[in-house]
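Structure record follows, encoded as C-alpha cells.
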Amino acid sequence: MVEVAGSSPAVPTKKIMNNIKIKLPDGAVRELPAGSSAMDLAKAISPRLADVIVVSRVNGLVQDVRDPLPDGSSVELFKADSPEGIDTLRHSCEHVLATAVCRLFPGAQVTMGPKSHDGEFYYDFDVGRAFTPDDLLAIEKEMAKIIEAKVPFEKRLVSKEEALHVFEGLKQRYKPEILAWIPDDQVSIYQNADFVDLCRGPHLPHAGFIKAFRLLGVSGSYWRADANREMLQRINGIAFASKADLDAYLYRIEEAKKRDHRKLGTHLDLFSVSDRYDSHEYSPDQAVELLVTGTTRENVAALLDDDFMSQVAAVFAPREVRISGYSLSPHVRGETLAWDVEVRLFSSPIDKDKKQTLKNLEDSVNKRHPTGRLRVVVETKYVEEVGPGLVTWLPKGGRLRTTIEDLSRKLHYQGGYEMVFSPHIAKSDLWKVSGHWRFYRDSMFSPMAIDGQEYVMKPMNCPFHILAYKNRPRSYRDLPIRIAELGTVYRYELAGVMHGLMRVRGFTQDDAHLFCRWDQVDHEIDNVIGFILRMFKTFGFSKFEVNLSTRPAEFVGEVSEWDKAEAALLAAVKRHDLPYAVDAGGGAFYGPKIDIKLRDCLDRSWQCSTVQLDFNNPERFNLQFTNSEGKPERAVMIHRALLGSLERFVGILIEEYAGAFPMWLSPEQVRVLSIADRHQEHAQKIAAALRAQDLRVQAPTNSEKLGAKIREAQMDKIPVMLVVGDQEVEKGGASVRLRSGEDLGFMNEAQLIEYCKTASQIPVVN
C-alpha cells in the first residue's frame with residue numbers, strides 16, 4: 001500500500017517571494033519560487049519530464065504533483081508505469097468510473113472506493129437496481145470518452161461545512177455520513193468533469209494518462225459492510241499504463257478463474273463452507289422462542305421491558321413465548337446508532353399472518369427510541385447448515401489436511417518444538433489479562449454464560465501457550481522453550497468479507513510461541529525464518545518477499561528493546577538474502593515484526609508467515625525465569641506462524657496447482673481401474689498392497705467402461721492410474737498411466753510399490 005499525504009498540503013502562511021530549496025534523489029538541490037509544486041519542479045528539470053510525471057513523493061509521503069512544496073523538501077517524481085504511478089492511475093480511473101455512472105444514471109448515489117489501489121479499484125453505487133452486463137459496456141464507452149478528452153482532476157481544500165453544502169446540493173445522501181467520520185475541520189475534494197467527491201488524493205494531472213482499463217464485474221455489497229444497511233452495487237475494474245500490461249493481467253484473471261479454490265474444492269470433494277441441505281418446519285405445538293442479539297452503547301432494558309414482552313406474548317397467545325438467548329455486545333462496529341438490536345422469533349408456519357402485527361410493534365418501538373434501531377424477524381423453518389465462514393472438511397480434504405498437519409508436526413519436533421493442545425473456549429478473564437478483551441473485542445464471538453462465569457471462543461492461541469510456560473518455574477538453563485500448536489481459533493468476520501477458505505470465521509493456525517533470553521533472540525529468529533522457507537519450498541513455492549514493521553508512535557516496552565528487536569529481525573532477513581521493505585512505524589504497539597509473503601504461479605502475493613516480538617504479554621502475565629545470578633528476569637516472547645491459517649494455505653495450494661497436487665500431497669495418490677468385473681478381485685489386491693505401504697489408494701467397484709473410468713480419474717486429478725485387465729491379472733501387476741497422459745507400461749506388484757513409493761516421497765529441502 002502506498003502511504004499518502006493528508007488532505008492539507010503545506011501552503012505558505014504568507015505570500016513571501018523567497019525561493020525554496022528542493023532536494024532530488026541524486027542529492028542535487030534545485031531552487032524554485034515559493035509555492036512551487038512538483039509539477040513546477042519537473043518543468044524546471046525538463047519540459048518533457050513534466051509531460052510524463054503523474055505523482056510525487058515529498059518527504060516520504062506520496063502527494064499530488066500540483067500541491068505546493070515546503071522549503072527543504074526531498075522530492076521524487078514518478079511516471080505512470082511506476083508502482084506509485086500505477087496506484088494513482090487506478091485511483092483516478094476509479095473517479096472516471098464514477099463520472100461515467102453519474103452521467104448515465106442521473107441521481108446515482110456514489111459511496112466509497114478502497115483505501116488502497118495497488119490492485120483492482122472499485123466504487124460502490126446506489127442506483128436503485130442491479131447493474132447489467134449491458135450497463136457495464138455503456139459505462140466503459142463513456143469512460144473511454146472522458147479519458148480521450150483528457151479531462152483534468154482538480155483539487156480544492158474546503159471546510160467540512162462547505163463540503164456538506166456541496167454534497168447536499170448534489171443530493172448525495174451518503175456523503176454527510178462519511179463527512180461525520182472525518183475528524184479534521186478541513187477536507188479535500190476532487191472534481192473530474194461534472195463529478196465531485198471527497199478524496200485526499202493524489203490524482204493524475206488528467207485522465208489521458210490512463211492507457212488501458214477494463215471493468216471486471218459487478219457484485220452486491222452492503223453499505224459499511226452491514227447486512228442490515230442499504231444494498232449497494234460494486235463495480236470493480238483494473239487500469240494500467242499500457243495495453244500489454246492489461247492483456248497480461250486479464251490472462252492471469254482467466255487463469256485465476258480456472259483455479260478458483262471454491263469451484264475446485266467442490267469438484268474435488270475437499271470441503272464445504274456453509275452449504276445448506278434440508279429445512280424443517282417448527283411445530284405449532286412448540287413454544288415460540290425468542291433470540292435477542294445486537295450491539296449497544298446504552299442500557300436497552302427499556303426496549304425489552306415487560307410491556308414489550310407482553311405485547312409479543314399477546315400476538316402468539318395462548319402459546320408460550322420464552323427467551324432462548326440474549327446477547328448484546330457493548331461494542332458497536334463503527335455504528336452511529338446508540339443501539340442496534342434484532343429480536344428473532346422461531347415459530348410455526350401457521351404464524352405467517354402475524355408478521356404485520358409484529359412489524360407494527362417494531363415501528364412503534366423505533367418511533368419511541370429514535371437513537372436506536374429494532375428489527376423483529378420471524379423464522380418458520382430451521383435449516384441443516386453449519387453456518388457462514390465455518391469449514392467442513394470432507395474425506396478427501398481431510399486426507400489433504402492430515403498430510404499437511406503430519407508434516408508440520410514432524411518438522412516441529414525435529415526443530416525442537418513441543419506440541420500442545422488448548423481448549424476452544426476460555427473464561428473472559430484470560431482475554432482481559434492478555435488485552436484482547438479491550439483491543440480485539442470486535443473480532444471476538446459473543447460471550448456465553450456458563451455456571452455464572454463468562455466464556456468466549458478463543459480468537460488467539462497465545463494466552464494458552466503463556467500459561468503452559470507458567471505451568472512451572474523456569475530457569476535460564478530451560479530456555480529457549482518452543483511451544484507450538486495446530487490450534488483452531490474463532491474470529492467474527494463480517495458477512496460481506498468472507499471468501500471460501502481465504503476468509504473464514506473458524507480456522508486452524510500453525511501457531512508457536514518462543515520464550516527465550518535476549519542472547520538467544522538472534523538464533524531463534526534465524527531458525528524461524530529458515531523453518532518458514534523450508535516449509536514453503538517443500539510445498540513448491542520459491543519466490544518470497546518480506547516486510548519489516550518497526551516501532552509505531554505509541555508503544556509499550558523500552559526503546560532500547562525495540563531497537564535490539566528490530567536490528568535482530570533485519571539482520572536475520574539479510575542473512576537469508578531475502579528482498580525486503582521497511583514499513584516505518586507500522587509495527588503493532590506491542591512489538592516489531594516481519595511478514596513473509598509468498599508469490600504463486602500467477603505472481604500473486606500471499607501473506608502467510610509472521611515473526612513478531614512481544615513486549616506486552618510478558619509484562620501482563622509476568623513471564624519470568626531465574627537467571628544465572630539466581631534473580632528473576634523477564635523472558636523474551638516471540639510469536640510465530642509458518643503457514644498461517646491452514647484453511648487459507650490449502651486454498652492457496654488448490655489455486656497454485658489448479659487441484660492437480662504433487663503426488664506426495666494428493667488426497668488420492670493412486671486409483672486402480674478394473675476393465676471388467678472379473679478383474680475386481682485383482683484390483684482390490686493391488687490396492688491393498690499399496691495401502692500397506694501407506695499410499696492413499698482407491699479401487700472403485702463401479703461397472704463403467706474403462707474409458708469413462710480414466711476420464712473420471714483425470715477429472716479428479718489423480719496422479720497415477722493403474723489399469724487391470726486379463727493380462728495384468730495373469731502377470732500379477734498393472735499397467736501404469738499418469739495424470740499427464742503418459743503410459744509407463746506394465747509393472748509387477750513389487751515394481752508398482754517401488755514406483756509409487758518413490759514418486760510420493762516428500763521433497764527434501766535443506
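Ligands are numbered from 1 in the order shown, residues from 1 within each chain, and chains are lettered A, B, ... in the order they appear in the C-alpha cells.
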Near range 355-367 of chain A, counting only C-alpha atoms, which residues have an atom at most 9 Å away, once you skip same-chain residues fewer than 4 positions from it, shown as a PDB file with all heavy atoms, in the first residue's frame?
```pdb
ATOM      1  N   LEU A 303     -36.183  -1.131  26.227  1.00  0.00           N
ATOM      2  CA  LEU A 303     -36.640  -1.656  24.943  1.00  0.00           C
ATOM      3  C   LEU A 303     -37.367  -2.984  25.121  1.00  0.00           C
ATOM      4  O   LEU A 303     -38.426  -3.214  24.549  1.00  0.00           O
ATOM      5  CB  LEU A 303     -35.437  -1.828  24.016  1.00  0.00           C
ATOM      6  CG  LEU A 303     -35.678  -2.569  22.697  1.00  0.00           C
ATOM      7  CD1 LEU A 303     -36.576  -1.730  21.806  1.00  0.00           C
ATOM      8  CD2 LEU A 303     -34.373  -2.857  22.001  1.00  0.00           C
ATOM      9  N   PHE A 308     -43.201  -4.632  26.360  1.00  0.00           N
ATOM     10  CA  PHE A 308     -42.846  -5.171  25.052  1.00  0.00           C
ATOM     11  C   PHE A 308     -43.094  -6.674  25.020  1.00  0.00           C
ATOM     12  O   PHE A 308     -43.691  -7.207  24.079  1.00  0.00           O
ATOM     13  CB  PHE A 308     -41.383  -4.860  24.747  1.00  0.00           C
ATOM     14  CG  PHE A 308     -40.873  -5.495  23.477  1.00  0.00           C
ATOM     15  CD1 PHE A 308     -41.077  -4.884  22.250  1.00  0.00           C
ATOM     16  CD2 PHE A 308     -40.201  -6.712  23.509  1.00  0.00           C
ATOM     17  CE1 PHE A 308     -40.615  -5.459  21.076  1.00  0.00           C
ATOM     18  CE2 PHE A 308     -39.742  -7.290  22.343  1.00  0.00           C
ATOM     19  CZ  PHE A 308     -39.951  -6.661  21.116  1.00  0.00           C
ATOM     20  N   GLN A 311     -46.710  -7.623  24.863  1.00  0.00           N
ATOM     21  CA  GLN A 311     -47.298  -7.427  23.540  1.00  0.00           C
ATOM     22  C   GLN A 311     -46.922  -8.559  22.596  1.00  0.00           C
ATOM     23  O   GLN A 311     -47.749  -9.014  21.799  1.00  0.00           O
ATOM     24  CB  GLN A 311     -46.843  -6.085  22.972  1.00  0.00           C
ATOM     25  CG  GLN A 311     -47.426  -4.870  23.684  1.00  0.00           C
ATOM     26  CD  GLN A 311     -46.993  -3.586  23.022  1.00  0.00           C
ATOM     27  OE1 GLN A 311     -47.370  -3.285  21.892  1.00  0.00           O
ATOM     28  NE2 GLN A 311     -46.181  -2.806  23.729  1.00  0.00           N
ATOM     29  N   VAL A 312     -45.671  -9.016  22.678  1.00  0.00           N
ATOM     30  CA  VAL A 312     -45.254 -10.157  21.855  1.00  0.00           C
ATOM     31  C   VAL A 312     -46.029 -11.402  22.263  1.00  0.00           C
ATOM     32  O   VAL A 312     -46.512 -12.159  21.411  1.00  0.00           O
ATOM     33  CB  VAL A 312     -43.736 -10.399  21.980  1.00  0.00           C
ATOM     34  CG1 VAL A 312     -43.335 -11.686  21.264  1.00  0.00           C
ATOM     35  CG2 VAL A 312     -42.951  -9.223  21.428  1.00  0.00           C
ATOM     36  N   VAL A 315     -49.471 -11.547  20.867  1.00  0.00           N
ATOM     37  CA  VAL A 315     -49.562 -11.886  19.447  1.00  0.00           C
ATOM     38  C   VAL A 315     -49.686 -13.393  19.263  1.00  0.00           C
ATOM     39  O   VAL A 315     -50.416 -13.873  18.387  1.00  0.00           O
ATOM     40  CB  VAL A 315     -48.331 -11.343  18.691  1.00  0.00           C
ATOM     41  CG1 VAL A 315     -48.321 -11.844  17.248  1.00  0.00           C
ATOM     42  CG2 VAL A 315     -48.294  -9.823  18.721  1.00  0.00           C
ATOM     43  N   ASP A 351     -47.906 -19.103  11.782  1.00  0.00           N
ATOM     44  CA  ASP A 351     -47.812 -17.753  12.346  1.00  0.00           C
ATOM     45  C   ASP A 351     -47.436 -16.696  11.312  1.00  0.00           C
ATOM     46  O   ASP A 351     -47.165 -15.544  11.679  1.00  0.00           O
ATOM     47  CB  ASP A 351     -46.785 -17.736  13.487  1.00  0.00           C
ATOM     48  CG  ASP A 351     -47.193 -18.640  14.640  1.00  0.00           C
ATOM     49  OD1 ASP A 351     -48.384 -18.645  14.973  1.00  0.00           O
ATOM     50  OD2 ASP A 351     -46.316 -19.333  15.182  1.00  0.00           O
ATOM     51  N   THR A 371     -32.932   6.964  18.763  1.00  0.00           N
ATOM     52  CA  THR A 371     -31.468   6.844  18.746  1.00  0.00           C
ATOM     53  C   THR A 371     -30.993   5.418  18.472  1.00  0.00           C
ATOM     54  O   THR A 371     -29.802   5.173  18.386  1.00  0.00           O
ATOM     55  CB  THR A 371     -30.866   7.303  20.088  1.00  0.00           C
ATOM     56  OG1 THR A 371     -31.376   6.476  21.142  1.00  0.00           O
ATOM     57  CG2 THR A 371     -31.199   8.763  20.356  1.00  0.00           C
ATOM     58  N   GLY A 372     -31.947   4.492  18.380  1.00  0.00           N
ATOM     59  CA  GLY A 372     -31.573   3.103  18.134  1.00  0.00           C
ATOM     60  C   GLY A 372     -32.388   2.499  17.009  1.00  0.00           C
ATOM     61  O   GLY A 372     -33.145   3.175  16.319  1.00  0.00           O
ATOM     62  N   ARG A 373     -32.201   1.197  16.829  1.00  0.00           N
ATOM     63  CA  ARG A 373     -32.933   0.505  15.771  1.00  0.00           C
ATOM     64  C   ARG A 373     -33.275  -0.899  16.233  1.00  0.00           C
ATOM     65  O   ARG A 373     -32.411  -1.647  16.703  1.00  0.00           O
ATOM     66  CB  ARG A 373     -32.091   0.433  14.499  1.00  0.00           C
ATOM     67  CG  ARG A 373     -32.766  -0.356  13.371  1.00  0.00           C
ATOM     68  CD  ARG A 373     -31.987  -0.238  12.073  1.00  0.00           C
ATOM     69  NE  ARG A 373     -30.622  -0.718  12.215  1.00  0.00           N
ATOM     70  CZ  ARG A 373     -29.658  -0.467  11.338  1.00  0.00           C
ATOM     71  NH1 ARG A 373     -29.911   0.292  10.284  1.00  0.00           N
ATOM     72  NH2 ARG A 373     -28.436  -0.943  11.510  1.00  0.00           N
ATOM     73  N   LEU A 374     -34.558  -1.244  16.117  1.00  0.00           N
ATOM     74  CA  LEU A 374     -35.041  -2.587  16.443  1.00  0.00           C
ATOM     75  C   LEU A 374     -35.538  -3.251  15.169  1.00  0.00           C
ATOM     76  O   LEU A 374     -36.205  -2.623  14.345  1.00  0.00           O
ATOM     77  CB  LEU A 374     -36.183  -2.515  17.459  1.00  0.00           C
ATOM     78  CG  LEU A 374     -36.944  -3.844  17.711  1.00  0.00           C
ATOM     79  CD1 LEU A 374     -36.049  -4.840  18.439  1.00  0.00           C
ATOM     80  CD2 LEU A 374     -38.229  -3.602  18.471  1.00  0.00           C
ATOM     81  N   ARG A 375     -35.187  -4.528  15.018  1.00  0.00           N
ATOM     82  CA  ARG A 375     -35.732  -5.326  13.927  1.00  0.00           C
ATOM     83  C   ARG A 375     -36.336  -6.579  14.529  1.00  0.00           C
ATOM     84  O   ARG A 375     -35.697  -7.258  15.359  1.00  0.00           O
ATOM     85  CB  ARG A 375     -34.640  -5.717  12.919  1.00  0.00           C
ATOM     86  CG  ARG A 375     -34.030  -4.555  12.182  1.00  0.00           C
ATOM     87  CD  ARG A 375     -32.948  -5.001  11.201  1.00  0.00           C
ATOM     88  NE  ARG A 375     -31.920  -5.796  11.867  1.00  0.00           N
ATOM     89  CZ  ARG A 375     -30.944  -5.275  12.606  1.00  0.00           C
ATOM     90  NH1 ARG A 375     -30.874  -3.966  12.787  1.00  0.00           N
ATOM     91  NH2 ARG A 375     -30.042  -6.041  13.165  1.00  0.00           N
ATOM     92  N   VAL A 376     -37.560  -6.893  14.110  1.00  0.00           N
ATOM     93  CA  VAL A 376     -38.230  -8.111  14.558  1.00  0.00           C
ATOM     94  C   VAL A 376     -38.345  -9.040  13.354  1.00  0.00           C
ATOM     95  O   VAL A 376     -38.908  -8.662  12.323  1.00  0.00           O
ATOM     96  CB  VAL A 376     -39.625  -7.811  15.143  1.00  0.00           C
ATOM     97  CG1 VAL A 376     -40.308  -9.110  15.564  1.00  0.00           C
ATOM     98  CG2 VAL A 376     -39.518  -6.861  16.327  1.00  0.00           C
ATOM     99  N   VAL A 377     -37.771 -10.227  13.477  1.00  0.00           N
ATOM    100  CA  VAL A 377     -37.723 -11.194  12.376  1.00  0.00           C
ATOM    101  C   VAL A 377     -38.400 -12.481  12.818  1.00  0.00           C
ATOM    102  O   VAL A 377     -38.186 -12.950  13.945  1.00  0.00           O
ATOM    103  CB  VAL A 377     -36.266 -11.482  11.960  1.00  0.00           C
ATOM    104  CG1 VAL A 377     -36.220 -12.483  10.815  1.00  0.00           C
ATOM    105  CG2 VAL A 377     -35.555 -10.192  11.576  1.00  0.00           C
ATOM    106  N   VAL A 378     -39.206 -13.050  11.937  1.00  0.00           N
ATOM    107  CA  VAL A 378     -39.891 -14.311  12.236  1.00  0.00           C
ATOM    108  C   VAL A 378     -39.294 -15.411  11.369  1.00  0.00           C
ATOM    109  O   VAL A 378     -39.243 -15.293  10.136  1.00  0.00           O
ATOM    110  CB  VAL A 378     -41.404 -14.203  11.982  1.00  0.00           C
ATOM    111  CG1 VAL A 378     -42.082 -15.544  12.260  1.00  0.00           C
ATOM    112  CG2 VAL A 378     -42.015 -13.108  12.844  1.00  0.00           C
TER     113      VAL A 378
END
```
Next on the checklist: Write out as JSON, numbers by chain the set of residues from range 481-727 of chain A that DSSP, computed on the backbone, places in helix (DSSP H, G or I).
Outcome noted: {"A": [495, 496, 497, 518, 519, 520, 521, 522, 523, 524, 525, 526, 527, 528, 529, 530, 531, 532, 533, 534, 535, 536, 537, 538, 559, 560, 561, 562, 563, 564, 565, 566, 567, 568, 569, 570, 571, 572, 573, 574, 575, 617, 618, 619, 620, 646, 647, 648, 649, 650, 651, 652, 653, 654, 655, 656, 657, 677, 678, 679, 680, 681, 682, 683, 684, 685, 686, 687, 688, 689, 690, 691, 706, 707, 708, 709, 710, 711, 712, 713, 714, 715, 726, 727]}
Contacts of range 645-691 of chain A with range 246-269 of chain A up to 12 Å, shortest pair per row, only C-alpha atoms, as CSV:
```
residue,atom,partner,partner_atom,distance
A:Glu647,CA,A:His261,CA,10.9
A:Arg648,CA,A:His261,CA,10.0
A:Phe649,CA,A:His261,CA,10.8
A:Val650,CA,A:His261,CA,8.7
A:Gly651,CA,A:His261,CA,5.6
A:Ile652,CA,A:His261,CA,7.7
A:Leu653,CA,A:His261,CA,8.5
A:Ile654,CA,A:His261,CA,5.6
A:Glu655,CA,A:Arg259,CA,4.7
A:Glu656,CA,A:Arg259,CA,7.5
A:Tyr657,CA,A:Arg259,CA,7.8
A:Ala658,CA,A:Arg259,CA,4.7
A:Gly659,CA,A:Leu264,CA,6.4
A:Ala660,CA,A:Leu264,CA,10.0
A:Phe661,CA,A:Leu268,CA,11.4
A:Ser666,CA,A:Leu268,CA,11.0
A:Pro667,CA,A:Leu268,CA,9.7
A:Glu668,CA,A:Leu268,CA,10.4
```
Checklist entry - Restricting the calculation to only C-alpha atoms, which member of A:Thr403, A:Gln693, A:Ser628, A:Tyr755 is positioned closest to Leu646 in chain A? => result A:Thr403
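Among the candidate residues A:Lys354, A:Arg505, A:Arg534, A:Arg276, the one lying nearest to Ala313 in chain A is A:Lys354, with distances computed using only C-alpha atoms.
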I want to know what sits within 12 Å of range 163-169 of chain A, based on only C-alpha atoms, with residues of the same chain fewer than 5 positions away left out; could you give that as a compact mmCIF listing (two decimals) with all heavy atoms, in the first residue's frame?
```txt
# COMPACT_ATOMS: atom_id res chain seq x y z
N GLY A 107 -28.97 10.87 -10.78
CA GLY A 107 -29.42 10.59 -9.42
C GLY A 107 -28.65 9.47 -8.74
O GLY A 107 -28.95 9.13 -7.59
N GLN A 109 -26.26 7.47 -6.52
CA GLN A 109 -25.60 7.79 -5.26
C GLN A 109 -24.23 7.10 -5.24
O GLN A 109 -24.13 5.89 -5.44
CB GLN A 109 -26.43 7.30 -4.08
CG GLN A 109 -27.80 7.98 -3.98
CD GLN A 109 -27.67 9.46 -3.69
OE1 GLN A 109 -26.99 9.86 -2.76
NE2 GLN A 109 -28.34 10.28 -4.50
N VAL A 110 -23.19 7.90 -5.01
CA VAL A 110 -21.82 7.39 -5.01
C VAL A 110 -21.35 7.31 -3.56
O VAL A 110 -21.42 8.29 -2.83
CB VAL A 110 -20.89 8.31 -5.82
CG1 VAL A 110 -19.49 7.72 -5.89
CG2 VAL A 110 -21.44 8.55 -7.21
N THR A 111 -20.88 6.15 -3.15
CA THR A 111 -20.45 5.99 -1.75
C THR A 111 -18.93 6.07 -1.64
O THR A 111 -18.37 7.15 -1.57
CB THR A 111 -20.99 4.68 -1.15
OG1 THR A 111 -20.46 3.55 -1.87
CG2 THR A 111 -22.51 4.65 -1.23
N ARG A 156 -9.58 20.86 -4.46
CA ARG A 156 -9.90 22.04 -3.65
C ARG A 156 -9.88 21.66 -2.17
O ARG A 156 -10.33 20.57 -1.80
CB ARG A 156 -11.29 22.58 -3.98
CG ARG A 156 -11.38 23.44 -5.23
CD ARG A 156 -12.69 24.19 -5.26
NE ARG A 156 -13.84 23.31 -5.38
CZ ARG A 156 -15.06 23.58 -4.90
NH1 ARG A 156 -15.26 24.70 -4.22
NH2 ARG A 156 -16.05 22.75 -5.09
N LEU A 157 -9.38 22.56 -1.34
CA LEU A 157 -9.47 22.41 0.11
C LEU A 157 -10.63 23.24 0.60
O LEU A 157 -10.71 24.45 0.31
CB LEU A 157 -8.17 22.86 0.78
CG LEU A 157 -6.94 22.01 0.50
CD1 LEU A 157 -5.72 22.63 1.16
CD2 LEU A 157 -7.15 20.59 1.00
N VAL A 158 -11.55 22.60 1.33
CA VAL A 158 -12.74 23.29 1.82
C VAL A 158 -13.00 22.90 3.26
O VAL A 158 -12.49 21.89 3.76
CB VAL A 158 -13.98 22.95 0.95
CG1 VAL A 158 -13.78 23.39 -0.48
CG2 VAL A 158 -14.28 21.44 1.01
N TYR A 174 -25.20 9.89 0.96
CA TYR A 174 -24.25 9.14 1.78
C TYR A 174 -23.09 10.01 2.27
O TYR A 174 -22.41 9.66 3.23
CB TYR A 174 -23.69 7.95 0.99
CG TYR A 174 -24.69 6.86 0.71
CD1 TYR A 174 -25.46 6.88 -0.45
CD2 TYR A 174 -24.88 5.81 1.61
CE1 TYR A 174 -26.39 5.88 -0.71
CE2 TYR A 174 -25.81 4.81 1.36
CZ TYR A 174 -26.56 4.85 0.20
OH TYR A 174 -27.47 3.87 -0.06
N LYS A 175 -22.84 11.11 1.60
CA LYS A 175 -21.66 11.92 1.91
C LYS A 175 -21.70 12.56 3.31
O LYS A 175 -20.66 12.64 3.97
CB LYS A 175 -21.44 12.99 0.84
CG LYS A 175 -21.19 12.41 -0.55
CD LYS A 175 -20.01 11.43 -0.56
CE LYS A 175 -19.85 10.82 -1.95
NZ LYS A 175 -18.75 9.84 -1.99
N PRO A 176 -22.86 13.07 3.78
CA PRO A 176 -22.86 13.62 5.14
C PRO A 176 -22.42 12.61 6.20
O PRO A 176 -21.72 12.96 7.15
CB PRO A 176 -24.33 14.03 5.34
CG PRO A 176 -24.81 14.33 3.96
CD PRO A 176 -24.14 13.32 3.08
N GLU A 177 -22.78 11.34 6.01
CA GLU A 177 -22.36 10.31 6.96
C GLU A 177 -20.85 10.12 6.90
O GLU A 177 -20.19 9.96 7.93
CB GLU A 177 -23.08 9.00 6.66
CG GLU A 177 -22.84 7.91 7.70
CD GLU A 177 -23.70 6.68 7.49
OE1 GLU A 177 -24.67 6.75 6.71
OE2 GLU A 177 -23.39 5.64 8.11
N ILE A 178 -20.28 10.14 5.69
CA ILE A 178 -18.84 10.00 5.55
C ILE A 178 -18.13 11.20 6.16
O ILE A 178 -17.12 11.06 6.87
CB ILE A 178 -18.46 9.85 4.06
CG1 ILE A 178 -19.09 8.58 3.47
CG2 ILE A 178 -16.95 9.80 3.88
CD1 ILE A 178 -18.94 8.45 1.96
N LEU A 179 -18.65 12.39 5.91
CA LEU A 179 -18.05 13.60 6.49
C LEU A 179 -18.03 13.54 8.01
O LEU A 179 -17.09 14.04 8.65
CB LEU A 179 -18.83 14.84 6.04
CG LEU A 179 -18.45 15.43 4.68
CD1 LEU A 179 -19.50 16.42 4.23
CD2 LEU A 179 -17.08 16.09 4.76
N ALA A 180 -19.04 12.93 8.60
CA ALA A 180 -19.12 12.85 10.06
C ALA A 180 -17.99 12.02 10.65
O ALA A 180 -17.64 12.18 11.82
CB ALA A 180 -20.47 12.28 10.49
N ILE A 182 -14.86 12.09 9.58
CA ILE A 182 -13.58 12.76 9.40
C ILE A 182 -13.35 13.75 10.54
O ILE A 182 -14.15 14.66 10.75
CB ILE A 182 -13.54 13.49 8.05
CG1 ILE A 182 -13.76 12.48 6.91
CG2 ILE A 182 -12.22 14.23 7.86
CD1 ILE A 182 -13.90 13.11 5.54
N ASP A 185 -11.21 19.60 10.43
CA ASP A 185 -12.16 20.65 10.07
C ASP A 185 -12.10 20.98 8.58
O ASP A 185 -13.04 21.53 8.03
CB ASP A 185 -11.86 21.93 10.88
CG ASP A 185 -12.13 21.74 12.36
OD1 ASP A 185 -13.03 20.95 12.69
OD2 ASP A 185 -11.43 22.36 13.18
N GLN A 186 -10.98 20.65 7.95
CA GLN A 186 -10.80 20.92 6.53
C GLN A 186 -10.64 19.61 5.79
O GLN A 186 -9.99 18.67 6.26
CB GLN A 186 -9.56 21.81 6.31
CG GLN A 186 -9.44 22.36 4.90
CD GLN A 186 -8.22 23.24 4.75
OE1 GLN A 186 -7.10 22.81 5.04
NE2 GLN A 186 -8.40 24.49 4.32
N VAL A 187 -11.25 19.51 4.60
CA VAL A 187 -11.18 18.30 3.79
C VAL A 187 -10.82 18.70 2.37
O VAL A 187 -10.93 19.86 1.98
CB VAL A 187 -12.50 17.51 3.80
CG1 VAL A 187 -12.84 17.02 5.19
CG2 VAL A 187 -13.64 18.37 3.24
N SER A 188 -10.39 17.71 1.59
CA SER A 188 -10.11 17.97 0.18
C SER A 188 -11.17 17.29 -0.67
O SER A 188 -11.64 16.19 -0.36
CB SER A 188 -8.72 17.47 -0.20
OG SER A 188 -8.58 16.09 0.06
N ILE A 189 -11.56 17.95 -1.73
CA ILE A 189 -12.49 17.36 -2.70
C ILE A 189 -11.84 17.46 -4.08
O ILE A 189 -11.08 18.38 -4.37
CB ILE A 189 -13.87 18.05 -2.70
CG1 ILE A 189 -13.76 19.54 -3.02
CG2 ILE A 189 -14.58 17.83 -1.39
CD1 ILE A 189 -15.10 20.24 -3.12
N TYR A 190 -12.12 16.48 -4.91
CA TYR A 190 -11.61 16.45 -6.28
C TYR A 190 -12.78 16.48 -7.25
O TYR A 190 -13.83 15.86 -7.00
CB TYR A 190 -10.80 15.18 -6.53
CG TYR A 190 -9.34 15.29 -6.17
CD1 TYR A 190 -8.90 15.02 -4.88
CD2 TYR A 190 -8.39 15.63 -7.13
CE1 TYR A 190 -7.55 15.10 -4.55
CE2 TYR A 190 -7.04 15.71 -6.82
CZ TYR A 190 -6.62 15.44 -5.52
OH TYR A 190 -5.29 15.52 -5.21
N GLN A 191 -12.58 17.18 -8.35
CA GLN A 191 -13.59 17.24 -9.40
C GLN A 191 -13.00 16.74 -10.69
O GLN A 191 -11.89 17.11 -11.08
CB GLN A 191 -14.11 18.66 -9.59
CG GLN A 191 -15.24 18.74 -10.62
CD GLN A 191 -16.03 20.03 -10.52
OE1 GLN A 191 -15.82 20.82 -9.59
NE2 GLN A 191 -16.96 20.24 -11.44
N PHE A 195 -18.22 15.34 -11.97
CA PHE A 195 -18.26 14.51 -10.77
C PHE A 195 -17.37 15.10 -9.68
O PHE A 195 -16.22 15.46 -9.94
CB PHE A 195 -17.81 13.09 -11.09
CG PHE A 195 -17.62 12.22 -9.86
CD1 PHE A 195 -18.71 11.86 -9.09
CD2 PHE A 195 -16.36 11.79 -9.48
CE1 PHE A 195 -18.56 11.08 -7.96
CE2 PHE A 195 -16.19 11.01 -8.35
CZ PHE A 195 -17.30 10.66 -7.59
N VAL A 196 -17.91 15.19 -8.47
CA VAL A 196 -17.19 15.74 -7.33
C VAL A 196 -17.24 14.72 -6.20
O VAL A 196 -18.30 14.12 -5.94
CB VAL A 196 -17.82 17.06 -6.85
CG1 VAL A 196 -17.03 17.64 -5.67
CG2 VAL A 196 -17.88 18.06 -7.98
N ASP A 197 -16.10 14.51 -5.52
CA ASP A 197 -16.11 13.57 -4.40
C ASP A 197 -15.10 13.98 -3.34
O ASP A 197 -14.11 14.66 -3.63
CB ASP A 197 -15.78 12.15 -4.87
CG ASP A 197 -16.33 11.10 -3.91
OD1 ASP A 197 -17.03 11.47 -2.93
OD2 ASP A 197 -16.09 9.91 -4.14
N LEU A 198 -15.40 13.58 -2.11
CA LEU A 198 -14.43 13.69 -1.03
C LEU A 198 -13.26 12.79 -1.35
O LEU A 198 -13.44 11.61 -1.67
CB LEU A 198 -15.05 13.21 0.29
CG LEU A 198 -15.92 14.16 1.09
CD1 LEU A 198 -16.62 13.38 2.20
CD2 LEU A 198 -15.08 15.28 1.67
N CYS A 199 -12.05 13.30 -1.27
CA CYS A 199 -10.90 12.47 -1.61
C CYS A 199 -9.63 13.17 -1.16
O CYS A 199 -9.46 14.37 -1.37
CB CYS A 199 -10.86 12.22 -3.11
SG CYS A 199 -9.58 11.06 -3.61
```
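Between CA of His682 in chain A and CA of Leu695 in chain A the interatomic distance comes to 17.4 Å.
Between CA of Ile532 in chain A and CA of Ser609 in chain A the separation is 7.1 Å.
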